[in-house]
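Shown next: run_39.cif, given as mmCIF, C-alpha atoms.
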```cif
data_entry
#
loop_
_atom_site.label_atom_id
_atom_site.label_comp_id
_atom_site.auth_asym_id
_atom_site.auth_seq_id
_atom_site.Cartn_x
_atom_site.Cartn_y
_atom_site.Cartn_z
CA MET A 15 -26.47 15.65 -5.34
CA ARG A 16 -24.44 12.58 -6.20
CA PRO A 17 -20.70 13.21 -5.66
CA SER A 18 -18.49 13.29 -8.73
CA SER A 19 -16.77 10.00 -9.55
CA ALA A 20 -14.27 11.38 -12.08
CA CYS A 21 -12.08 14.43 -12.59
CA ASP A 22 -12.74 16.98 -15.32
CA THR A 23 -9.97 15.61 -17.57
CA CYS A 24 -11.21 12.01 -17.46
CA ARG A 25 -14.83 13.15 -17.92
CA LEU A 26 -13.99 15.17 -21.03
CA ARG A 27 -11.92 12.33 -22.50
CA LYS A 28 -14.50 9.72 -21.44
CA ARG A 29 -11.82 7.80 -19.59
CA LYS A 30 -12.17 5.85 -16.38
CA CYS A 31 -10.84 7.97 -13.51
CA ILE A 32 -8.54 5.85 -11.33
CA VAL A 33 -7.15 7.16 -8.05
CA THR A 34 -4.64 5.32 -5.88
CA GLY A 35 -5.37 6.92 -2.53
CA ARG A 36 -7.08 9.67 -0.62
CA SER A 37 -6.18 13.24 -1.65
CA ARG A 38 -4.16 12.05 -4.63
CA PRO A 39 -4.55 12.80 -8.37
CA CYS A 40 -5.79 10.16 -10.78
CA THR A 41 -3.34 8.12 -12.87
CA LEU A 42 -4.24 9.88 -16.16
CA CYS A 43 -3.50 13.34 -14.73
CA VAL A 44 -0.22 12.05 -13.33
CA LEU A 45 0.76 10.64 -16.73
CA LYS A 46 -0.18 13.88 -18.52
CA GLY A 47 1.26 16.16 -15.83
CA LEU A 48 -2.12 17.87 -15.32
CA ASP A 49 -3.81 19.30 -12.24
CA CYS A 50 -6.44 16.80 -11.13
CA SER A 51 -9.76 18.27 -10.06
CA PHE A 52 -10.93 15.13 -8.30
CA ILE A 53 -9.84 14.27 -4.77
CA ALA A 54 -10.72 10.73 -3.73
CA THR A 55 -12.69 10.44 -0.49
CA THR A 56 -13.91 7.35 1.30
CA GLN A 57 -17.57 6.70 1.77
CA MET A 58 -17.24 5.44 5.32
CA GLU A 59 -15.18 8.19 6.96
CA ASP A 60 -18.07 10.68 6.93
CA PHE A 61 -20.08 8.40 9.20
CA ILE A 62 -17.45 7.05 11.61
CA THR A 63 -17.00 8.67 15.01
CA PRO A 64 -13.72 8.32 16.93
CA HIS A 65 -15.49 5.84 19.25
CA HIS A 66 -16.49 3.65 16.32
CA GLN A 67 -13.01 3.83 14.85
CA GLU A 68 -11.60 2.26 17.99
CA ASN A 69 -14.26 -0.39 18.49
CA SER A 70 -14.98 -1.47 14.94
CA LEU A 71 -13.14 -2.14 11.74
CA ALA A 72 -15.30 0.25 9.74
CA GLY A 73 -12.59 1.97 7.74
CA PRO A 74 -11.91 2.79 4.11
CA GLY A 75 -12.44 -0.82 3.15
CA GLY A 76 -16.07 -0.75 4.28
CA GLY A 77 -18.34 -3.77 3.89
CA GLY A 78 -18.00 -6.14 6.78
CA PRO A 79 -19.80 -7.64 9.75
CA CYS A 80 -20.94 -5.59 12.71
CA ALA A 81 -18.40 -4.37 15.24
CA TRP A 82 -19.19 -7.12 17.75
CA ASP A 83 -18.22 -9.76 15.20
CA TYR A 84 -14.57 -8.75 15.45
CA PRO A 85 -11.93 -9.48 18.08
CA PRO A 86 -11.43 -6.76 20.70
CA PRO A 87 -9.02 -3.94 19.76
CA ASP A 88 -6.19 -5.36 21.87
CA VAL A 89 -6.46 -8.75 20.11
CA ARG A 90 -6.47 -7.06 16.70
CA ARG A 91 -3.37 -5.07 17.55
CA GLU A 92 -1.67 -8.24 18.81
CA LEU A 93 -2.42 -10.12 15.56
CA VAL A 94 -1.28 -7.21 13.38
CA ASP A 95 2.03 -7.10 15.26
CA LEU A 96 2.33 -10.88 14.93
CA TYR A 97 1.76 -10.62 11.19
CA PHE A 98 4.63 -8.16 10.78
CA ASP A 99 6.89 -10.18 13.08
CA LEU A 100 6.38 -13.55 11.37
CA VAL A 101 5.14 -13.04 7.82
CA HIS A 102 5.67 -9.61 6.31
CA ASP A 103 9.07 -9.05 4.70
CA LYS A 104 9.64 -12.80 5.06
CA GLN A 105 6.99 -13.98 2.59
CA HIS A 106 5.92 -10.79 0.82
CA ILE A 107 6.61 -7.05 0.75
CA ILE A 108 3.40 -5.02 0.48
CA PHE A 109 3.33 -2.63 3.46
CA HIS A 110 5.41 -0.11 5.35
CA ARG A 111 5.07 -1.45 8.88
CA TYR A 112 5.13 1.81 10.84
CA SER A 113 2.70 3.55 8.48
CA PHE A 114 0.22 0.68 8.41
CA ILE A 115 0.15 0.29 12.20
CA GLN A 116 -0.45 4.03 12.52
CA GLU A 117 -3.37 3.80 10.09
CA GLN A 118 -4.77 0.73 11.81
CA GLN A 119 -4.68 2.39 15.23
CA GLN A 120 -6.40 5.47 13.81
CA GLY A 121 -9.13 3.38 12.14
CA ARG A 122 -7.99 4.27 8.61
CA ALA A 123 -6.76 0.84 7.51
CA ALA A 124 -9.08 -1.02 5.15
CA ASN A 125 -11.25 -3.66 6.81
CA PHE A 126 -10.19 -6.40 4.44
CA LEU A 127 -6.51 -5.86 5.23
CA VAL A 128 -6.98 -6.16 9.00
CA LEU A 129 -9.33 -9.12 8.56
CA GLY A 130 -6.80 -10.81 6.29
CA MET A 131 -4.11 -10.45 8.94
CA ILE A 132 -6.49 -11.86 11.56
CA ALA A 133 -7.24 -14.85 9.33
CA LEU A 134 -3.55 -15.51 8.71
CA MET A 135 -2.29 -15.09 12.26
CA ALA A 136 -5.13 -16.35 14.47
CA ARG A 137 -3.66 -19.87 14.41
CA PHE A 138 -0.48 -18.58 16.08
CA SER A 139 -2.21 -16.59 18.81
CA SER A 140 -2.12 -17.72 22.44
CA ASN A 141 -4.73 -15.15 23.41
CA PRO A 142 -7.66 -16.54 25.48
CA TYR A 143 -10.01 -15.11 22.84
CA PHE A 144 -9.19 -18.12 20.62
CA GLU A 145 -8.70 -20.80 23.28
CA ASP A 146 -11.90 -22.72 22.42
CA ILE A 147 -11.04 -22.98 18.71
CA GLN A 148 -8.50 -25.35 17.22
CA PRO A 149 -5.66 -23.40 15.51
CA ARG A 150 -6.33 -24.96 12.09
CA ASP A 151 -10.01 -23.94 12.28
CA ARG A 152 -9.46 -20.29 13.14
CA ALA A 153 -8.69 -18.87 9.72
CA ALA A 154 -11.72 -19.86 7.60
CA PRO A 155 -14.40 -17.54 9.09
CA TRP A 156 -12.07 -14.55 9.11
CA LEU A 157 -10.97 -15.16 5.52
CA GLN A 158 -14.63 -15.30 4.48
CA ARG A 159 -15.31 -11.98 6.18
CA ALA A 160 -12.18 -10.48 4.65
CA ILE A 161 -13.33 -11.52 1.15
CA GLN A 162 -16.78 -10.04 1.83
CA ALA A 163 -15.24 -6.75 2.93
CA PHE A 164 -12.89 -6.78 -0.05
CA ASN A 165 -15.74 -7.28 -2.52
CA ALA A 166 -17.70 -4.44 -0.88
CA ARG A 167 -14.85 -1.90 -1.00
CA PRO A 168 -15.83 1.55 -2.37
CA ASN A 169 -12.69 2.00 -4.53
CA LEU A 170 -12.27 -1.01 -6.80
CA ILE A 171 -8.75 -0.17 -7.99
CA ASP A 172 -6.28 1.58 -5.72
CA ILE A 173 -3.19 0.75 -3.67
CA GLN A 174 -5.13 -0.69 -0.74
CA SER A 175 -7.12 -2.91 -3.11
CA LEU A 176 -3.86 -4.17 -4.63
CA GLN A 177 -2.49 -4.89 -1.16
CA GLY A 178 -5.72 -6.72 -0.37
CA CYS A 179 -5.41 -8.89 -3.49
CA ILE A 180 -1.91 -10.00 -2.54
CA LEU A 181 -2.58 -10.51 1.17
CA LEU A 182 -5.86 -12.39 0.72
CA ALA A 183 -4.39 -14.51 -2.08
CA PHE A 184 -1.64 -15.56 0.33
CA VAL A 185 -4.19 -16.43 3.03
CA ALA A 186 -6.22 -18.42 0.50
CA PHE A 187 -3.05 -20.24 -0.59
CA VAL A 188 -2.29 -21.17 3.02
CA GLU A 189 -5.87 -22.41 3.44
CA GLY A 190 -5.67 -24.50 0.26
CA ASP A 191 -8.30 -22.46 -1.59
CA SER A 192 -6.59 -22.51 -4.99
CA ALA A 193 -9.56 -20.97 -6.84
CA GLN A 194 -9.64 -17.90 -4.60
CA ASP A 195 -5.86 -17.65 -4.72
CA THR A 196 -5.86 -17.73 -8.55
CA LEU A 197 -8.66 -15.19 -8.86
CA LEU A 198 -7.11 -12.69 -6.45
CA SER A 199 -3.64 -13.09 -7.99
CA ALA A 200 -5.06 -12.36 -11.46
CA GLN A 201 -6.80 -9.25 -10.12
CA ALA A 202 -3.51 -8.05 -8.63
CA VAL A 203 -1.77 -8.31 -12.01
CA ARG A 204 -4.49 -6.33 -13.75
CA MET A 205 -4.51 -3.66 -11.01
CA VAL A 206 -0.76 -3.20 -11.41
CA GLN A 207 -1.28 -2.68 -15.14
CA VAL A 208 -4.16 -0.22 -14.69
CA LEU A 209 -2.22 1.74 -12.05
CA HIS A 210 0.81 1.85 -14.41
CA LEU A 211 3.20 0.64 -11.72
CA PRO A 212 6.09 1.15 -11.41
CA VAL A 213 6.14 3.87 -14.12
CA VAL A 214 3.61 6.11 -12.34
CA LEU A 215 4.64 6.52 -8.71
CA SER A 216 3.62 8.78 -5.84
CA PRO A 217 5.86 11.70 -4.87
CA GLY A 218 6.07 10.74 -1.17
CA ALA A 219 9.08 8.59 -0.28
CA ILE A 220 7.19 5.95 1.73
CA GLN A 221 4.28 5.63 -0.66
CA ARG A 222 6.61 5.56 -3.67
CA GLU A 223 8.72 2.78 -2.21
CA THR A 224 5.59 0.86 -1.20
CA GLU A 225 4.35 1.01 -4.79
CA ILE A 226 7.71 -0.20 -6.11
CA ARG A 227 7.58 -3.16 -3.75
CA LEU A 228 3.98 -3.90 -4.69
CA TYR A 229 4.97 -4.12 -8.34
CA TRP A 230 7.78 -6.57 -7.71
CA GLN A 231 5.70 -8.59 -5.28
CA THR A 232 3.00 -8.96 -7.92
CA TRP A 233 5.62 -9.83 -10.55
CA MET A 234 7.10 -12.54 -8.31
CA MET A 235 3.66 -13.92 -7.50
CA GLU A 236 2.74 -14.03 -11.19
CA THR A 237 6.07 -15.67 -12.11
CA TRP A 238 5.51 -18.54 -9.69
CA ASP A 239 1.85 -18.93 -10.70
CA CYS A 240 2.46 -18.83 -14.46
CA VAL A 241 5.21 -21.44 -14.50
CA GLN A 242 3.02 -23.74 -12.44
CA ALA A 243 -0.06 -23.24 -14.66
CA GLN A 244 1.99 -22.95 -17.89
CA LEU A 245 0.44 -19.59 -18.72
CA PRO A 246 2.07 -16.55 -20.35
CA ALA A 247 3.12 -13.80 -17.92
CA GLN A 248 1.80 -10.25 -18.26
CA LEU A 249 4.35 -8.33 -16.19
CA GLN A 250 7.98 -7.71 -17.09
CA SER A 251 11.26 -7.79 -15.20
CA ASN A 252 12.46 -4.61 -16.84
CA PRO A 253 16.01 -3.73 -15.70
CA GLN A 254 15.04 -0.05 -15.98
CA PHE A 255 12.39 -0.39 -13.27
CA PRO A 256 13.45 0.80 -9.80
CA ARG A 257 14.35 -1.96 -7.36
CA PRO A 258 13.38 -2.14 -3.68
CA LEU A 259 15.47 -0.22 -1.18
CA GLU A 260 17.48 -1.84 1.54
CA GLU A 261 15.09 -3.16 4.16
CA SER A 262 16.57 -1.20 7.05
CA VAL A 263 16.40 2.07 5.09
CA PHE A 264 12.76 1.57 4.16
CA SER A 265 11.61 0.44 7.60
CA SER A 266 13.25 3.47 9.24
CA MET A 267 11.33 5.95 7.08
CA ARG A 268 8.72 8.11 8.84
CA CYS A 269 5.99 10.28 7.37
CA SER A 270 7.15 13.28 9.39
CA GLN A 271 10.61 13.16 7.86
CA GLU A 272 11.26 15.09 4.65
CA GLN A 273 13.52 12.46 3.18
CA ASP A 274 13.57 11.33 -0.41
CA ARG A 275 14.26 7.89 -1.73
CA PRO A 276 17.86 7.65 -3.00
CA ALA A 277 18.13 7.98 -6.76
CA ASP A 278 18.17 4.71 -8.67
CA CYS A 279 21.67 5.44 -9.96
CA GLN A 280 22.88 5.80 -6.36
CA ILE A 281 21.31 2.46 -5.47
CA ALA A 282 23.06 0.79 -8.40
CA GLN A 283 26.39 2.24 -7.28
CA ARG A 284 26.00 0.66 -3.86
CA GLY A 285 25.94 -2.80 -5.39
CA PRO A 286 23.71 -5.77 -4.45
CA GLN A 287 23.82 -5.00 -0.74
CA GLY A 288 22.65 -1.44 -1.27
CA SER A 289 19.71 -2.68 -3.31
CA GLY A 290 18.39 -4.82 -0.47
CA ILE A 291 17.75 -8.51 0.13
CA TRP A 292 14.54 -8.55 -1.88
CA SER A 293 16.32 -7.01 -4.85
CA LEU A 294 18.66 -9.99 -4.75
CA ILE A 295 15.69 -12.36 -4.62
CA LEU A 296 14.30 -10.97 -7.89
CA PRO A 297 16.85 -12.70 -10.19
CA LEU A 298 16.34 -15.96 -8.26
CA THR A 299 12.62 -15.69 -8.99
CA GLU A 300 13.35 -15.17 -12.67
CA MET A 301 15.65 -18.20 -12.70
CA HIS A 302 12.92 -20.25 -11.03
CA GLY A 303 10.71 -19.67 -14.05
CA LEU A 304 13.49 -20.75 -16.41
CA VAL A 305 14.28 -23.90 -14.42
CA VAL A 306 10.66 -25.01 -14.15
CA ARG A 307 10.05 -24.41 -17.87
CA LEU A 308 13.16 -26.43 -18.72
CA ASN A 309 11.98 -29.34 -16.57
CA ASP A 310 8.57 -29.15 -18.20
CA GLN A 311 10.13 -29.31 -21.67
CA LEU A 312 12.20 -32.31 -20.61
CA THR A 313 9.06 -34.25 -19.73
CA HIS A 314 7.93 -33.90 -23.34
CA GLY A 315 11.24 -35.31 -24.63
CA THR A 316 11.96 -32.43 -27.00
CA PHE A 317 15.69 -32.16 -26.16
CA SER A 318 18.59 -34.45 -26.91
CA GLN A 319 21.04 -35.31 -24.12
CA SER A 320 23.58 -32.79 -25.39
CA GLU A 321 20.92 -30.06 -25.58
CA ILE A 322 19.81 -30.85 -22.03
CA HIS A 323 23.36 -30.52 -20.74
CA ALA A 324 23.81 -27.23 -22.61
CA GLN A 325 20.62 -25.78 -21.13
CA VAL A 326 21.51 -26.94 -17.63
CA GLU A 327 25.04 -25.60 -17.91
CA SER A 328 23.72 -22.19 -18.98
CA LEU A 329 21.34 -21.95 -16.02
CA SER A 330 23.99 -23.34 -13.70
CA CYS A 331 26.36 -20.54 -14.72
CA LYS A 332 23.65 -17.95 -14.00
CA LEU A 333 23.06 -19.34 -10.53
CA GLU A 334 26.76 -19.45 -9.72
CA SER A 335 27.18 -15.96 -11.13
CA TRP A 336 24.45 -14.74 -8.78
CA LEU A 337 26.23 -16.33 -5.83
CA GLY A 338 29.60 -15.01 -6.92
CA SER A 339 28.26 -11.46 -7.23
CA LEU A 340 27.19 -11.35 -3.59
CA PRO A 341 29.41 -9.15 -1.44
CA ARG A 342 31.02 -10.82 1.54
CA SER A 343 28.49 -9.24 3.86
CA MET A 344 25.69 -11.16 2.09
CA ARG A 345 27.30 -14.61 2.12
CA ASN A 346 25.82 -17.30 4.34
CA THR A 347 28.36 -17.24 7.17
CA PRO A 348 27.91 -17.31 10.97
CA SER A 349 29.15 -13.71 11.28
CA ASN A 350 26.71 -12.47 8.66
CA ARG A 351 23.87 -14.37 10.32
CA LYS A 352 24.75 -12.63 13.57
CA MET A 353 24.83 -9.26 11.83
CA PHE A 354 21.43 -9.69 10.17
CA SER A 355 19.99 -11.11 13.37
CA ASP A 356 21.04 -7.95 15.21
CA GLN A 357 19.32 -5.90 12.49
CA GLY A 358 16.13 -7.96 12.74
CA LEU A 359 16.59 -9.23 9.17
CA LEU A 360 17.79 -12.80 9.76
CA GLN A 361 14.66 -14.43 8.35
CA GLU A 362 14.84 -12.43 5.13
CA PHE A 363 18.55 -13.20 4.78
CA ILE A 364 18.03 -16.93 5.36
CA ASN A 365 15.07 -17.14 2.97
CA MET A 366 17.22 -15.66 0.20
CA HIS A 367 19.80 -18.42 0.60
CA LEU A 368 17.12 -21.09 0.86
CA LEU A 369 15.75 -19.95 -2.50
CA TYR A 370 19.21 -20.12 -4.07
CA HIS A 371 19.74 -23.72 -2.95
CA HIS A 372 16.20 -24.64 -3.99
CA GLN A 373 16.63 -23.36 -7.55
CA SER A 374 19.88 -25.32 -7.75
CA GLN A 375 18.45 -28.60 -6.44
CA LEU A 376 15.48 -28.17 -8.78
CA LEU A 377 17.79 -27.64 -11.76
CA TYR A 378 19.90 -30.75 -11.08
CA TYR A 379 17.11 -32.98 -9.75
CA GLN A 380 16.56 -34.75 -13.08
CA PHE A 381 20.08 -36.22 -13.00
CA LEU A 382 19.65 -38.19 -9.79
CA HIS A 383 18.23 -41.22 -11.59
CA GLN A 384 20.43 -40.80 -14.68
CA ALA A 385 23.60 -41.05 -12.59
CA VAL A 386 22.82 -44.39 -10.93
CA SER A 387 23.50 -47.87 -12.28
CA SER A 388 20.83 -49.58 -14.35
CA GLU A 389 20.13 -53.22 -15.14
CA GLU A 390 22.43 -52.90 -18.14
CA GLY A 391 25.31 -51.85 -15.90
CA PRO A 392 26.88 -48.64 -14.66
CA ARG A 393 26.10 -45.55 -16.72
CA ASP A 394 29.19 -43.83 -18.04
CA ASP A 395 27.94 -40.24 -18.03
CA PRO A 396 30.30 -37.99 -16.07
CA GLU A 397 28.15 -34.89 -16.68
CA SER A 398 25.07 -36.52 -15.18
CA LYS A 399 27.10 -37.74 -12.21
CA LYS A 400 28.46 -34.23 -11.68
CA TYR A 401 24.98 -32.69 -11.73
CA ALA A 402 23.59 -35.41 -9.46
CA GLY A 403 26.34 -34.62 -6.97
CA LEU A 404 25.49 -30.92 -7.12
CA CYS A 405 21.83 -31.72 -6.49
CA LYS A 406 22.75 -33.63 -3.33
CA LEU A 407 25.12 -30.85 -2.29
CA HIS A 408 22.44 -28.15 -2.51
CA ALA A 409 19.80 -30.33 -0.85
CA THR A 410 22.20 -30.88 2.04
CA ALA A 411 23.00 -27.16 2.29
CA LEU A 412 19.29 -26.28 2.33
CA SER A 413 18.58 -28.87 5.04
CA GLU A 414 21.49 -27.68 7.14
CA ILE A 415 20.21 -24.09 7.02
CA MET A 416 16.77 -25.20 8.16
CA TRP A 417 18.28 -27.33 10.91
CA ASP A 418 20.56 -24.55 12.16
CA MET A 419 17.63 -22.13 12.29
CA ASN A 420 15.56 -24.70 14.17
CA LEU A 421 18.31 -25.16 16.76
CA ALA A 422 18.52 -21.38 17.13
CA ASN A 423 14.73 -21.21 17.70
CA THR A 424 14.40 -18.89 14.72
CA PRO A 425 10.78 -18.79 13.49
CA CYS A 426 11.81 -18.37 9.85
CA VAL A 427 11.03 -22.01 9.09
CA TRP A 428 7.28 -21.34 9.09
CA SER A 429 6.16 -21.02 5.51
CA PRO A 430 4.17 -23.15 3.07
CA LEU A 431 6.87 -22.43 0.50
CA ASN A 432 9.75 -23.40 2.78
CA GLY A 433 7.92 -26.60 3.62
CA HIS A 434 7.77 -27.40 -0.11
CA LEU A 435 11.50 -26.70 -0.44
CA LEU A 436 12.28 -29.03 2.44
CA VAL A 437 10.13 -31.84 1.02
CA ILE A 438 12.12 -31.76 -2.23
CA ALA A 439 15.41 -31.75 -0.33
CA SER A 440 14.19 -34.70 1.74
CA SER A 441 13.36 -36.66 -1.40
CA VAL A 442 16.95 -36.15 -2.57
CA HIS A 443 18.23 -37.53 0.75
CA LEU A 444 15.89 -40.53 0.48
CA HIS A 445 17.13 -41.21 -3.04
CA SER A 446 20.71 -41.21 -1.78
CA MET A 447 19.86 -43.60 1.04
CA LEU A 448 17.98 -46.04 -1.17
#
```
C-alpha cells encoding of this file:
Amino acid sequence: MRPSSACDTCRLRKRKCIVTGRSRPCTLCVLKGLDCSFIATTQMEDFITPHHQENSLAGPGGGGPCAWDYPPPDVRRELVDLYFDLVHDKQHIIFHRYSFIQEQQQGRAANFLVLGMIALMARFSSNPYFEDIQPRDRAAPWLQRAIQAFNARPNLIDIQSLQGCILLAFVAFVEGDSAQDTLLSAQAVRMVQVLHLPVVLSPGAIQRETEIRLYWQTWMMETWDCVQAQLPAQLQSNPQFPRPLEESVFSSMRCSQEQDRPADCQIAQRGPQGSGIWSLILPLTEMHGLVVRLNDQLTHGTFSQSEIHAQVESLSCKLESWLGSLPRSMRNTPSNRKMFSDQGLLQEFINMHLLYHHQSQLLYYQFLHQAVSSEEGPRDDPESKKYAGLCKLHATALSEIMWDMNLANTPCVWSPLNGHLLVIASSVHLHSML
C-alpha cells in the first residue's frame, strides 16, 4: 500500500500537507493547534545500512551519484569543518554547527547540503585527493551533483530544502552562475512563505533558533537581490519578528540540554549586544536597500539638488544613529577585536563594521565628482564637499580594516562580497589620487 502523504486534517480540508522535518507536525496543524496524524519519514532511511551511511552520502536528501563518486569520509569531514570555519556565520547563518556535524557523521544530513559544502570548499583544500585539479576547477562538478541531488529530494518543502536553496544559491553566486543563483533564491523566498516562518516555529530551542535565522538570512538575500534587479520584495522586516540570538549562546546549545531560547523581551532588554552581531547587521541590510534605490532614482534625474541633500541627510542620520547605538563592547577597537577573536567571532565582528562603512561610502559616492572643480571653475557647494569627504573617510576606514586583518593573517577577507566592497573603496582612492 502506498504510504500516506498527508495528515487527516489536510486531507479533509483538501490542503497540501507540509512538514518541516522528521517526526514533526505539519504547518497547518501547528497553526490550528491540532494533533497531526502524519509523521514525516524519509524514503532513503529504510534502505540504508550503517555501513552505507558511513561510505556514501545517501541520506534524507536522496538522489545523487553512486557512493564511489564522492570523496572519502575523511575528506568530506574535513571540507565540512572547513566550511564552518571559513564561511558559515561569516557569510550566512543557516545551520547549527554542532547539530549539523552530528547529523552528517550519522549519515542523516541531506546529500545536497554535504555536496554543496564540498563544491564551495574544495578549492581551499590541501588534501591530496584534489591535488591533480586546479582549485578554480574543483567546484563545478560537485555543484552539478548537488543540484541533481537537490532536485531529486523526497520532501520538496522543508527546513533542509530551504537550507539547500540558500547554500546552493551561494555556491552558484561564487561560481558566477547567476541564473541558478536567481532561481534558488526565489525558491527560498517562497519556501519561507509556505512554511510561515518566523510565525510558525518548532518547540525545540535549537531548531527554533535555526528557523529564525533562516528567515532573516532569506530576507537579507532577497533584499540584496531585489535592489539589484529592481524587483519588489516579498518578505518583511517586521520589528515584531524574533531576532537571532547572540552567536556564542546559539553555538553552545546542545540537543541533550533542556534549555529554552530566552524570551524576546529579555533579548530586547539586553540591548544590541544581547541580540547578537547578525541582529545588528539586519538594519544595515535594510539601509543598503534604501541607499541603492536612492542612487537608482538619482540616475533618472527625478530629484532636485535640495531633495538629494535631504534624502542623503536622512539616510546619513540613520547610519550614524546605528553606529551611535552600539555599546562600547561592539565598537571597532583593538580591545574589542581581541575579545571577539578570543571568542572565535572576529570575522563576524569585522564583517559587520565593513558593511557599515560600505553603506556609508555607497551613500556619499555620488558627491565625489560634484565636489571637484570643473572647467567653469571651483564649485561652491559645501554640502557636496562635506559628503565627498565622508565618502573618502569611510573608504579609508574600510581599507584599513581589510589591511589590518590581512596583517593579522585573519581569513575573514575571503568573500565575493568583501571583494566588491574593496573594489568600490579602491575606486574612491583612485579618484582622490587623480
Worksheet item: Which residues, written as a PyMOL selection string, have at least one atom at most 12 Å from Asn165 (chain A), with only C-alpha atoms counted and residues fewer than 3 positions away on the same chain left out?
Response: chain A and resi 75-78+124-126+158-162+168-171+175+178-179+182+198+201
Worksheet item: Smallest atom-to-atom distance to Val442 (chain A): which of A:Leu134, A:Leu382, A:Leu337, A:Ile107, using all atoms listed in the file?
Response: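 Ranked by minimum distance to Val442 (chain A), first place goes to A:Leu382.
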Worksheet item: Which is closest to Glu223 (chain A) among A:Val185, A:Met267, A:Ala247, A:Cys240, if we use all atoms listed in the file?
Response: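 The answer is A:Met267, which sits nearest to Glu223 (chain A).
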Worksheet entry | Evaluate the PyMOL selection byres ((chain A and resi 144) around 12) and report residues as a list in words | Tyr84, Pro85, Pro86, Val89, Leu93, Ile132, Ala133, Met135, Ala136, Arg137, Phe138, Ser139, Ser140, Asn141, Pro142, Tyr143, Glu145, Asp146, Ile147, Gln148, Pro149, Arg150, Asp151, Arg152 and Ala153 of chain A
Discussion item. Measuring between all atoms listed in the file, which one of A:Cys40, A:Ala422, A:Leu340, A:Leu298 shows the shortest distance to His372 (chain A)?
Written reply: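 Using all atoms listed in the file, His372 (chain A) sits closest to A:Leu298.
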Discussion item. Between A:Phe381, A:Trp238, A:Trp292, A:Trp417, which residue has the minimum interatomic distance to Leu431 (chain A), considering all atoms listed in the file?
Written reply: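 Smallest distance to Leu431 (chain A) is found for A:Trp238.
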Discussion item. Which residues are close to Gln221 (chain A), i.e. within 12 Å by all atoms listed in the file, leaving aside same-chain residues fewer than 4 positions away? Reply as a list in words.
Written reply: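 Surrounding residues, per the criterion: Thr34, Gly35, Arg38, Ile108, Phe109, His110, Arg111, Ser113, Phe114, Ile173, Gln174, Pro212, Val214, Leu215, Ser216, Pro217, Glu225, Ile226, Arg227, Leu228, Phe264, Met267, Arg268, Cys269, Asp274 and Arg275 of chain A.
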